[in-house]
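**Q** As input, take upload-v1.txt (compact mmCIF, C-alpha atoms):
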# COMPACT_ATOMS: atom_id res chain seq x y z
CA MET A 1 0.00 0.00 0.00
CA ILE A 2 2.85 2.39 0.78
CA HIS A 3 4.31 1.92 -2.69
CA ALA A 4 0.93 2.51 -4.32
CA LEU A 5 0.43 5.68 -2.27
CA LEU A 6 3.96 6.78 -3.11
CA ALA A 7 3.32 6.31 -6.85
CA ILE A 8 0.09 8.31 -6.63
CA LEU A 9 1.66 11.12 -4.59
CA LEU A 10 4.67 11.28 -6.95
CA CYS A 11 2.32 11.80 -9.91
CA GLN A 12 0.44 14.48 -7.99
CA LEU A 13 3.69 16.18 -6.99
CA ALA A 14 5.01 16.08 -10.57
CA GLY A 15 1.66 17.48 -11.78
CA GLU A 16 1.61 20.31 -9.22
CA ALA A 17 5.25 21.24 -9.86
CA THR A 18 4.82 21.27 -13.66
CA VAL A 19 1.61 23.32 -13.51
CA ARG A 20 3.29 25.92 -11.27
CA ALA A 21 6.51 26.00 -13.27
CA LEU A 22 4.77 26.47 -16.63
CA GLY A 23 1.81 28.54 -15.36
CA LEU A 24 -0.72 26.13 -16.91
CA PRO A 25 -4.43 26.91 -16.36
CA LEU A 26 -5.33 23.48 -14.94
CA PRO A 27 -5.11 21.86 -11.49
CA GLY A 28 -1.94 19.93 -10.69
CA PRO A 29 -3.81 16.68 -9.93
CA VAL A 30 -5.44 16.72 -13.41
CA LEU A 31 -1.99 16.83 -15.05
CA GLY A 32 -0.88 14.21 -12.50
CA MET A 33 -3.73 12.00 -13.70
CA VAL A 34 -2.47 12.28 -17.29
CA LEU A 35 1.04 11.37 -16.10
CA MET A 36 -0.40 8.38 -14.22
CA VAL A 37 -2.26 7.17 -17.36
CA LEU A 38 1.06 7.28 -19.27
CA ALA A 39 2.89 5.48 -16.46
CA LEU A 40 0.19 2.78 -16.18
CA ARG A 41 0.35 2.20 -19.95
CA LEU A 42 4.10 1.74 -19.78
CA SER A 43 4.18 -0.58 -16.78
CA PRO A 44 1.71 -3.42 -16.12
CA ARG A 45 3.53 -3.95 -12.81
CA LEU A 46 2.64 -0.43 -11.71
CA LEU A 47 -0.97 -1.06 -12.77
CA ALA A 48 -1.18 -4.12 -10.52
CA LEU A 49 0.51 -2.22 -7.68
CA VAL A 50 -1.71 0.88 -7.81
CA SER A 51 -5.05 -0.84 -8.61
CA PRO A 52 -6.26 -1.85 -5.13
CA LEU A 53 -5.58 1.54 -3.51
CA ALA A 54 -6.94 3.51 -6.49
CA ARG A 55 -10.11 1.40 -6.52
CA GLY A 56 -10.57 1.93 -2.79
CA LEU A 57 -10.22 5.70 -3.14
CA LEU A 58 -12.57 5.85 -6.14
CA ALA A 59 -15.23 3.76 -4.42
CA ASN A 60 -15.35 6.37 -1.63
CA MET A 61 -14.83 9.49 -3.71
CA SER A 62 -18.06 11.02 -2.35
CA LEU A 63 -16.60 11.07 1.18
CA LEU A 64 -13.87 13.46 0.09
CA PHE A 65 -16.39 16.22 -0.68
CA VAL A 66 -17.87 16.19 2.84
CA PRO A 67 -15.41 18.69 4.43
CA ALA A 68 -15.95 21.22 1.62
CA GLY A 69 -19.71 20.58 1.74
CA VAL A 70 -19.80 21.41 5.45
CA GLY A 71 -17.99 24.64 4.53
CA VAL A 72 -20.81 25.55 2.14
CA VAL A 73 -23.32 25.44 4.99
CA GLY A 74 -21.07 27.77 7.00
CA HIS A 75 -20.87 30.17 4.09
CA ALA A 76 -24.61 30.12 3.33
CA ALA A 77 -24.79 33.67 4.72
CA ILE A 78 -22.67 35.09 1.88
CA LEU A 79 -25.42 34.08 -0.54
CA GLY A 80 -27.67 36.55 1.30
CA ALA A 81 -30.83 37.69 -0.44
CA GLN A 82 -29.45 36.37 -3.74
CA GLY A 83 -29.57 32.76 -2.52
CA GLY A 84 -32.81 31.88 -4.31
CA PRO A 85 -31.90 33.29 -7.75
CA LEU A 86 -28.38 31.82 -7.50
CA PHE A 87 -29.75 28.37 -6.72
CA LEU A 88 -32.26 28.53 -9.57
CA ALA A 89 -29.51 29.63 -11.98
CA LEU A 90 -27.34 26.67 -10.91
CA LEU A 91 -30.22 24.22 -11.08
CA GLY A 92 -31.43 25.37 -14.51
CA SER A 93 -27.98 25.49 -16.02
CA THR A 94 -26.82 22.14 -14.61
CA VAL A 95 -29.95 20.37 -15.89
CA LEU A 96 -29.50 21.99 -19.32
CA ALA A 97 -25.77 21.22 -19.48
CA ILE A 98 -26.23 17.52 -18.62
CA ALA A 99 -29.13 17.14 -21.06
CA VAL A 100 -27.39 18.96 -23.94
CA GLY A 101 -24.10 17.13 -23.30
CA ALA A 102 -25.67 13.66 -23.20
CA LEU A 103 -27.97 14.29 -26.19
CA THR A 104 -25.03 15.66 -28.22
CA PHE A 105 -22.88 12.64 -27.33
CA ALA A 106 -25.66 10.22 -28.32
CA ALA A 107 -26.48 12.11 -31.55
CA VAL A 108 -22.85 12.33 -32.74
CA ALA A 109 -22.27 8.68 -31.79
CA ARG A 110 -25.28 7.71 -33.91
CA LEU A 111 -24.25 9.93 -36.86
CA THR A 112 -20.71 8.55 -36.92
CA GLY A 113 -21.87 4.97 -36.41
CA ASN A 114 -19.95 4.88 -33.12
CA ARG A 115 -21.47 2.19 -30.94
CA ASP A 116 -20.35 0.98 -27.58
CA ASP A 117 -19.80 -2.71 -26.99
CA MET B 18 -13.12 11.65 37.72
CA THR B 19 -12.43 14.08 34.90
CA ASP B 20 -15.55 15.97 33.98
CA PHE B 21 -17.12 16.13 30.56
CA ALA B 22 -16.09 19.72 29.88
CA GLU B 23 -12.45 18.82 30.41
CA ILE B 24 -12.59 15.84 28.04
CA TRP B 25 -14.42 17.98 25.51
CA SER B 26 -11.89 20.80 25.66
CA TYR B 27 -9.08 18.28 25.21
CA LEU B 28 -10.71 16.51 22.24
CA SER B 29 -11.97 19.64 20.52
CA ARG B 30 -8.40 20.93 20.29
CA GLY B 31 -7.04 18.05 18.20
CA PRO B 32 -7.95 16.70 14.78
CA LEU B 33 -9.17 13.28 16.06
CA LEU B 34 -12.72 14.27 17.00
CA TRP B 35 -13.73 15.95 13.72
CA LEU B 36 -11.95 13.42 11.53
CA THR B 37 -13.91 10.68 13.29
CA ALA B 38 -17.12 12.70 13.01
CA THR B 39 -16.59 13.21 9.26
CA LEU B 40 -16.12 9.49 8.66
CA ALA B 41 -19.07 8.61 10.92
CA ALA B 42 -21.36 11.09 9.15
CA TYR B 43 -20.32 9.67 5.78
CA ALA B 44 -20.86 6.10 7.03
CA ILE B 45 -24.41 7.13 7.95
CA GLY B 46 -24.91 8.82 4.55
CA ASP B 47 -23.54 5.81 2.68
CA ALA B 48 -25.68 3.37 4.70
CA CYS B 49 -28.78 5.43 3.85
CA ALA B 50 -27.80 5.49 0.15
CA ARG B 51 -27.31 1.72 0.14
CA ALA B 52 -30.60 1.14 1.95
CA ALA B 53 -32.34 3.30 -0.66
CA ASN B 54 -30.68 1.31 -3.47
CA ARG B 55 -28.64 4.40 -4.42
CA ALA B 56 -31.77 6.41 -5.19
CA PRO B 57 -30.60 9.77 -6.62
CA LEU B 58 -32.08 11.97 -3.89
CA VAL B 59 -30.45 9.94 -1.10
CA ASN B 60 -27.00 11.38 -1.78
CA PRO B 61 -24.34 10.32 0.77
CA VAL B 62 -22.54 13.71 0.67
CA LEU B 63 -25.74 15.67 1.27
CA ILE B 64 -26.72 13.40 4.16
CA ALA B 65 -23.26 13.60 5.76
CA VAL B 66 -23.30 17.41 5.50
CA THR B 67 -26.85 17.53 6.91
CA VAL B 68 -25.68 15.43 9.88
CA LEU B 69 -22.47 17.40 10.53
CA ALA B 70 -23.62 21.00 10.08
CA PRO B 71 -26.05 21.02 13.05
CA VAL B 72 -23.48 19.23 15.23
CA LEU B 73 -20.93 21.98 14.53
CA TRP B 74 -23.56 24.63 15.12
CA LEU B 75 -24.80 23.11 18.41
CA THR B 76 -21.26 22.67 19.77
CA GLY B 77 -20.26 26.16 18.61
CA THR B 78 -17.35 24.71 16.66
CA PRO B 79 -15.82 27.10 14.11
CA TYR B 80 -15.25 25.71 10.61
CA ALA B 81 -11.48 26.21 11.00
CA THR B 82 -11.46 23.88 14.02
CA TYR B 83 -13.59 21.31 12.19
CA PHE B 84 -11.30 21.51 9.16
CA GLU B 85 -8.21 20.70 11.24
CA GLY B 86 -9.59 17.20 11.51
CA ALA B 87 -11.41 17.05 8.17
CA GLN B 88 -8.35 18.18 6.20
CA PHE B 89 -7.00 14.62 6.12
CA VAL B 90 -10.08 13.58 4.16
CA HIS B 91 -10.06 16.77 2.07
CA PHE B 92 -6.42 16.16 1.14
CA LEU B 93 -7.34 12.90 -0.60
CA LEU B 94 -9.14 14.85 -3.36
CA GLY B 95 -5.74 15.10 -5.07
CA PRO B 96 -4.87 11.38 -4.88
CA VAL B 97 -8.40 10.37 -5.96
CA THR B 98 -8.00 12.54 -9.07
CA ILE B 99 -4.76 10.69 -9.85
CA SER B 100 -6.64 7.42 -9.22
CA LEU B 101 -9.07 8.30 -12.03
CA ALA B 102 -6.17 7.30 -14.31
CA LEU B 103 -7.06 3.68 -13.57
CA PRO B 104 -10.55 3.58 -15.16
CA LEU B 105 -9.24 5.80 -17.97
CA CYS B 106 -6.44 3.36 -18.67
CA GLU B 107 -8.77 0.37 -18.59
CA ASN B 108 -11.14 2.06 -21.06
CA LEU B 109 -8.54 3.64 -23.33
CA PRO B 110 -9.52 1.83 -26.57
CA ARG B 111 -13.20 2.72 -26.05
CA ILE B 112 -12.27 6.30 -25.23
CA ARG B 113 -10.20 6.59 -28.42
CA ARG B 114 -13.12 5.27 -30.47
CA ALA B 115 -15.49 7.76 -28.86
CA ALA B 116 -13.25 10.79 -29.51
CA LEU B 117 -15.71 12.53 -31.84
CA PRO B 118 -18.87 12.23 -29.71
CA MET B 119 -16.81 13.21 -26.66
CA LEU B 120 -15.40 16.34 -28.27
CA ALA B 121 -18.88 17.42 -29.43
CA ALA B 122 -20.44 16.73 -26.01
CA LEU B 123 -17.60 18.54 -24.23
CA VAL B 124 -18.04 21.74 -26.23
CA ALA B 125 -21.86 21.56 -26.15
CA GLY B 126 -22.04 20.79 -22.41
CA SER B 127 -19.43 23.32 -21.37
CA VAL B 128 -20.82 26.18 -23.46
CA THR B 129 -24.42 25.40 -22.41
CA SER B 130 -23.37 25.41 -18.77
CA ALA B 131 -21.67 28.82 -18.84
CA VAL B 132 -24.16 30.53 -21.20
CA SER B 133 -27.28 29.27 -19.39
CA VAL B 134 -26.08 30.08 -15.86
CA LEU B 135 -25.16 33.62 -16.92
CA ALA B 136 -28.42 34.11 -18.87
CA ILE B 137 -30.58 32.96 -15.94
CA ALA B 138 -28.56 34.95 -13.39
CA ARG B 139 -28.75 38.11 -15.49
CA GLY B 140 -32.47 37.52 -15.96
CA PHE B 141 -32.76 37.69 -12.15
CA GLY B 142 -30.83 40.97 -12.23
CA LEU B 143 -27.67 39.68 -10.51
CA GLY B 144 -24.63 42.00 -10.78
CA PRO B 145 -21.37 41.57 -12.73
CA ASP B 146 -19.33 40.36 -9.72
CA LEU B 147 -21.84 37.55 -9.14
CA LEU B 148 -21.80 36.67 -12.85
CA ALA B 149 -17.99 36.42 -12.74
CA SER B 150 -18.25 34.07 -9.74
CA LEU B 151 -20.81 31.91 -11.56
CA ALA B 152 -19.26 31.61 -15.04
CA PRO B 153 -16.76 28.80 -14.27
CA LYS B 154 -19.02 26.87 -11.83
CA ALA B 155 -19.09 23.60 -13.81
CA ALA B 156 -15.31 23.15 -13.57
CA THR B 157 -13.52 21.38 -10.74
CA ALA B 158 -13.00 23.73 -7.75
CA PRO B 159 -9.32 24.75 -8.16
CA VAL B 160 -9.84 25.71 -11.82
CA ALA B 161 -13.16 27.47 -11.16
CA ILE B 162 -11.66 29.49 -8.29
CA GLY B 163 -8.66 30.52 -10.40
CA VAL B 164 -10.86 31.60 -13.31
CA SER B 165 -13.27 33.47 -11.04
CA GLU B 166 -10.40 35.40 -9.41
CA ARG B 167 -9.03 36.42 -12.80
CA LEU B 168 -12.48 37.67 -13.87
CA GLY B 169 -13.03 39.72 -10.70
CA GLY B 170 -15.37 37.26 -8.97
CA SER B 171 -15.26 36.05 -5.37
CA PRO B 172 -13.25 32.83 -4.82
CA THR B 173 -15.30 31.82 -1.75
CA LEU B 174 -18.60 32.33 -3.54
CA THR B 175 -17.31 30.38 -6.54
CA ALA B 176 -16.26 27.48 -4.30
CA VAL B 177 -19.79 27.41 -2.87
CA MET B 178 -21.34 27.59 -6.38
CA VAL B 179 -19.08 24.77 -7.61
CA LEU B 180 -20.10 22.47 -4.75
CA ILE B 181 -23.82 23.20 -5.10
CA THR B 182 -23.52 22.57 -8.86
CA GLY B 183 -21.88 19.21 -8.18
CA ALA B 184 -24.57 18.19 -5.71
CA ILE B 185 -27.35 19.23 -8.12
CA GLY B 186 -25.70 17.27 -10.94
CA ALA B 187 -25.28 14.15 -8.80
CA VAL B 188 -28.95 14.27 -7.77
CA VAL B 189 -30.56 15.11 -11.15
CA VAL B 190 -28.43 13.10 -13.59
CA THR B 191 -30.17 9.73 -13.19
CA PRO B 192 -33.83 10.83 -13.42
CA LEU B 193 -33.03 13.43 -16.10
CA LEU B 194 -31.24 11.04 -18.46
CA ASN B 195 -33.80 8.29 -17.81
CA LEU B 196 -36.45 10.79 -18.87
CA LEU B 197 -34.47 11.59 -22.05
CA ARG B 198 -33.99 7.84 -22.68
CA ILE B 199 -30.20 8.07 -22.93
CA LYS B 200 -29.02 4.50 -22.40
CA ASP B 201 -25.39 4.89 -23.51
CA TRP B 202 -23.32 4.81 -20.28
CA ARG B 203 -20.55 6.72 -22.02
CA ALA B 204 -22.91 9.63 -22.78
CA ARG B 205 -24.44 9.53 -19.28
CA GLY B 206 -21.09 9.57 -17.50
CA PHE B 207 -19.35 12.03 -19.77
CA SER B 208 -22.11 14.65 -19.59
CA VAL B 209 -22.26 14.61 -15.78
CA GLY B 210 -18.46 14.86 -15.54
CA VAL B 211 -18.51 17.94 -17.79
CA ALA B 212 -21.47 19.59 -16.01
CA ALA B 213 -20.85 18.56 -12.38
CA HIS B 214 -17.10 17.79 -12.03
CA GLY B 215 -15.95 15.51 -9.15
CA ILE B 216 -19.24 15.20 -7.27
CA GLY B 217 -20.96 14.15 -10.50
CA THR B 218 -18.08 11.77 -11.20
CA ALA B 219 -18.37 10.25 -7.72
CA ARG B 220 -22.06 9.57 -8.43
CA ALA B 221 -21.24 8.06 -11.85
CA LEU B 222 -18.63 5.75 -10.29
CA GLN B 223 -21.27 4.42 -7.90
CA VAL B 224 -23.75 3.74 -10.68
CA ASN B 225 -21.67 2.19 -13.47
CA PRO B 226 -17.92 1.71 -14.11
CA THR B 227 -18.12 2.85 -17.75
CA ALA B 228 -20.03 5.97 -16.71
CA GLY B 229 -17.38 6.55 -14.02
CA ALA B 230 -14.47 6.35 -16.47
CA PHE B 231 -16.11 8.74 -18.94
CA ALA B 232 -17.19 11.10 -16.15
CA GLY B 233 -13.59 11.40 -14.91
CA LEU B 234 -12.48 12.25 -18.43
CA GLY B 235 -15.32 14.77 -18.89
CA MET B 236 -14.32 16.49 -15.66
CA ALA B 237 -10.64 16.69 -16.68
CA LEU B 238 -11.38 17.97 -20.19
CA ASN B 239 -13.84 20.58 -18.96
CA ALA B 240 -11.30 21.84 -16.41
CA VAL B 241 -9.12 22.81 -19.36
CA LEU B 242 -11.92 24.08 -21.62
CA THR B 243 -13.56 26.20 -18.89
CA ALA B 244 -10.30 28.03 -18.24
CA VAL B 245 -10.34 29.05 -21.93
CA ILE B 246 -14.02 29.76 -22.69
CA ALA B 247 -15.50 31.06 -19.39
CA PRO B 248 -13.78 34.49 -19.78
CA LEU B 249 -14.95 34.75 -23.41
CA ILE B 250 -18.55 33.82 -22.58
CA LEU B 251 -18.65 36.16 -19.57
CA ARG B 252 -17.72 39.06 -21.86
CA LEU B 253 -20.97 38.50 -23.82
CA PHE B 254 -22.99 39.10 -20.64
CA LEU B 255 -21.29 42.21 -19.24
Would you encode the structure as structure tokens?
**A**
Amino acid sequence: MIHALLAILLCQLAGEATVRALGLPLPGPVLGMVLMVLALRLSPRLLALVSPLARGLLANMSLLFVPAGVGVVGHAAILGAQGGPLFLALLGSTVLAIAVGALTFAAVARLTGNRDD
Amino acid sequence: MTDFAEIWSYLSRGPLLWLTATLAAYAIGDACARAANRAPLVNPVLIAVTVLAPVLWLTGTPYATYFEGAQFVHFLLGPVTISLALPLCENLPRIRRAALPMLAALVAGSVTSAVSVLAIARGFGLGPDLLASLAPKAATAPVAIGVSERLGGSPTLTAVMVLITGAIGAVVVTPLLNLLRIKDWRARGFSVGVAAHGIGTARALQVNPTAGAFAGLGMALNAVLTAVIAPLILRLFL
């Protein structure tokens, strides 16, 4: 487990350092994820090593948003009188974005004869 | 015998109490979600937050004190993002084949998200600083906060908007896409990753592994795209 954690943290560290050094507009962990994909492709041994820990983390990904979620409740006051309109804007736009994204994906997949198997 | 107040003042100073409370609240949330067969409204994050918030309020615990314990959980957001490489890697041939539908859905979902949130917010008469805080709300928190700061928005407000967006996405995605009769797990996962970042991805991972892999990719791609297009779209609304 220590080696798996080490591999994951090394990717994150490399991602964070590269993003800062080059001033890239994306979070370090996202670049770290790309680095990890490359590393996993190159080494089946690494894949076997990292798998159990990565699966465990992914299975409980929801847990990791709890601390920030509690923070939202504490900051509810900053929404003030605008809370209602803000919520409606988020609700409307999230529903639209999911619907448009999924319908576009399905339509383009059908047009290009791209089927999943 | 040591009295309760003394034990409390000892425990409330260290990270142990609130780390334990965070895990316990999530265990309750997850048990409820399981019992409800992962029904969309019974979201484990929302339940955990609903359990914890009143406890903090009743004990008069400031968020900073709570976070001293909760930070160990919060820290794992980085490693879990790296872990998304695993489903990506396992689905790489399918992802390559779906490049065209993914690209189209990414642009459509990302643009719809920013344009519609700004249009609705302006319709309600919200000011330019609020619009700047809202524009990048579909992206994962660190990107959204960075974009919002550059546009003159409030980082704290954006963080709140990002989390609420994620929770909405995680709750609405299943009934919404059932209603639209989208059966393709790639389309279902990808669209929620683009529109509702990590919280949407966490939901997708619990529903279907293919949806989870495509959601992680949607989140990552939209982090990059939002940084580019949110400033351009905001300009149309100012």
**Q** Excluding region 14-20 of chain A and any residue of its chain fewer than 4 positions from it, enumerate the residues within 8 Å of it, using all atoms listed in the file, and give them as a list in words.
**A**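 Neighbouring residues, sequence-local ones excluded: Leu10, Leu24, Pro25, Leu26, Pro27, Gly28, Pro29, Val30, Leu31, Gly32, Met33 and Leu35 of chain A.
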**Q** Can you build me a table of chain A residues sitting at most 6 Å from chain B, with the closest atom pair per residue and its distance in Å to one decimal, using all atoms listed in the file, sorted by chain and residue number, as a tab-separated table?
**A**
residue	atom	partner	partner_atom	distance
A:Leu26	CA	B:Val241	CA	5.9
A:Pro29	CA	B:Gly95	CA	5.5
A:Gly32	CA	B:Ile99	CA	5.9
A:Met33	CA	B:Ile99	CA	4.2
A:Met36	CA	B:Ala102	CA	5.9
A:Val37	CA	B:Ala102	CA	5.0
A:Ala54	CA	B:Ser100	CA	4.8
A:Leu57	CA	B:Val97	CA	5.8
A:Met61	CA	B:Ala219	CA	5.4
A:Ser62	CA	B:Ala219	CA	5.4
A:Leu64	CA	B:His91	CA	5.4
A:Val66	CA	B:Val62	CA	5.7
A:Pro67	CA	B:Ala87	CA	5.7
A:Val70	CA	B:Val66	CA	5.3
A:Val72	CA	B:Val177	CA	5.4
A:Ala89	CA	B:Val134	CA	5.2
A:Leu90	CA	B:Thr182	CA	6.0
A:Ser93	CA	B:Val134	CA	5.0
A:Ala97	CA	B:Gly126	CA	4.8
A:Ile98	CA	B:Ser208	CA	5.1
A:Val100	CA	B:Gly126	CA	5.9
A:Gly101	CA	B:Gly126	CA	4.3
A:Ala102	CA	B:Ala204	CA	4.9
A:Thr104	CA	B:Ala122	CA	5.2
A:Phe105	CA	B:Pro118	CA	4.7
A:Val108	CA	B:Pro118	CA	5.0
A:Ala109	CA	B:Pro118	CA	5.3
**Q** For CA of Phe87 (chain A) and CA of Ser165 (chain B), determine how far apart the two atoms are, in Å to one decimal place.
**A**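 Going from CA of Phe87 (chain A) over to CA of Ser165 (chain B), I get 17.8 Å.
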**Q** If you measure from CA of Val73 (chain A) to CA of Val72 (chain B), what distance in Å do you get, rounded to one decimal?
**A** 12.0 Å
**Q** Under the rule that all atoms listed in the file are counted, which of B:Val188, B:Ala221, B:Ala156, B:Ala149 is the nearest residue to Phe254 (chain B)?
**A**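 For Phe254 (chain B), the nearest of the candidates is B:Ala149.
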**Q** How many Å separate CA of Pro192 (chain B) from CA of Thr112 (chain A)?
**A**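 Computed distance, CA of Pro192 (chain B) to CA of Thr112 (chain A), equals 27.0 Å.
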**Q** Give as JSON, numbers by chain the set of residues within 10 Å of the point (-2.5, 1.8, -7.7), where distances use the file's coordinates and only C-alpha atoms.
**A** {"A": [1, 3, 4, 5, 6, 7, 8, 36, 40, 45, 46, 47, 48, 49, 50, 51, 52, 53, 54, 55, 56, 57], "B": [99, 100, 102, 103]}
**Q** So, with all atoms listed in the file as the atoms that count, which of B:Ile246, B:Pro226, B:Thr76, B:Pro57 lies closest to Ala22 (chain B)?
**A**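 Checking each candidate against Ala22 (chain B), we get B:Thr76 as the closest.
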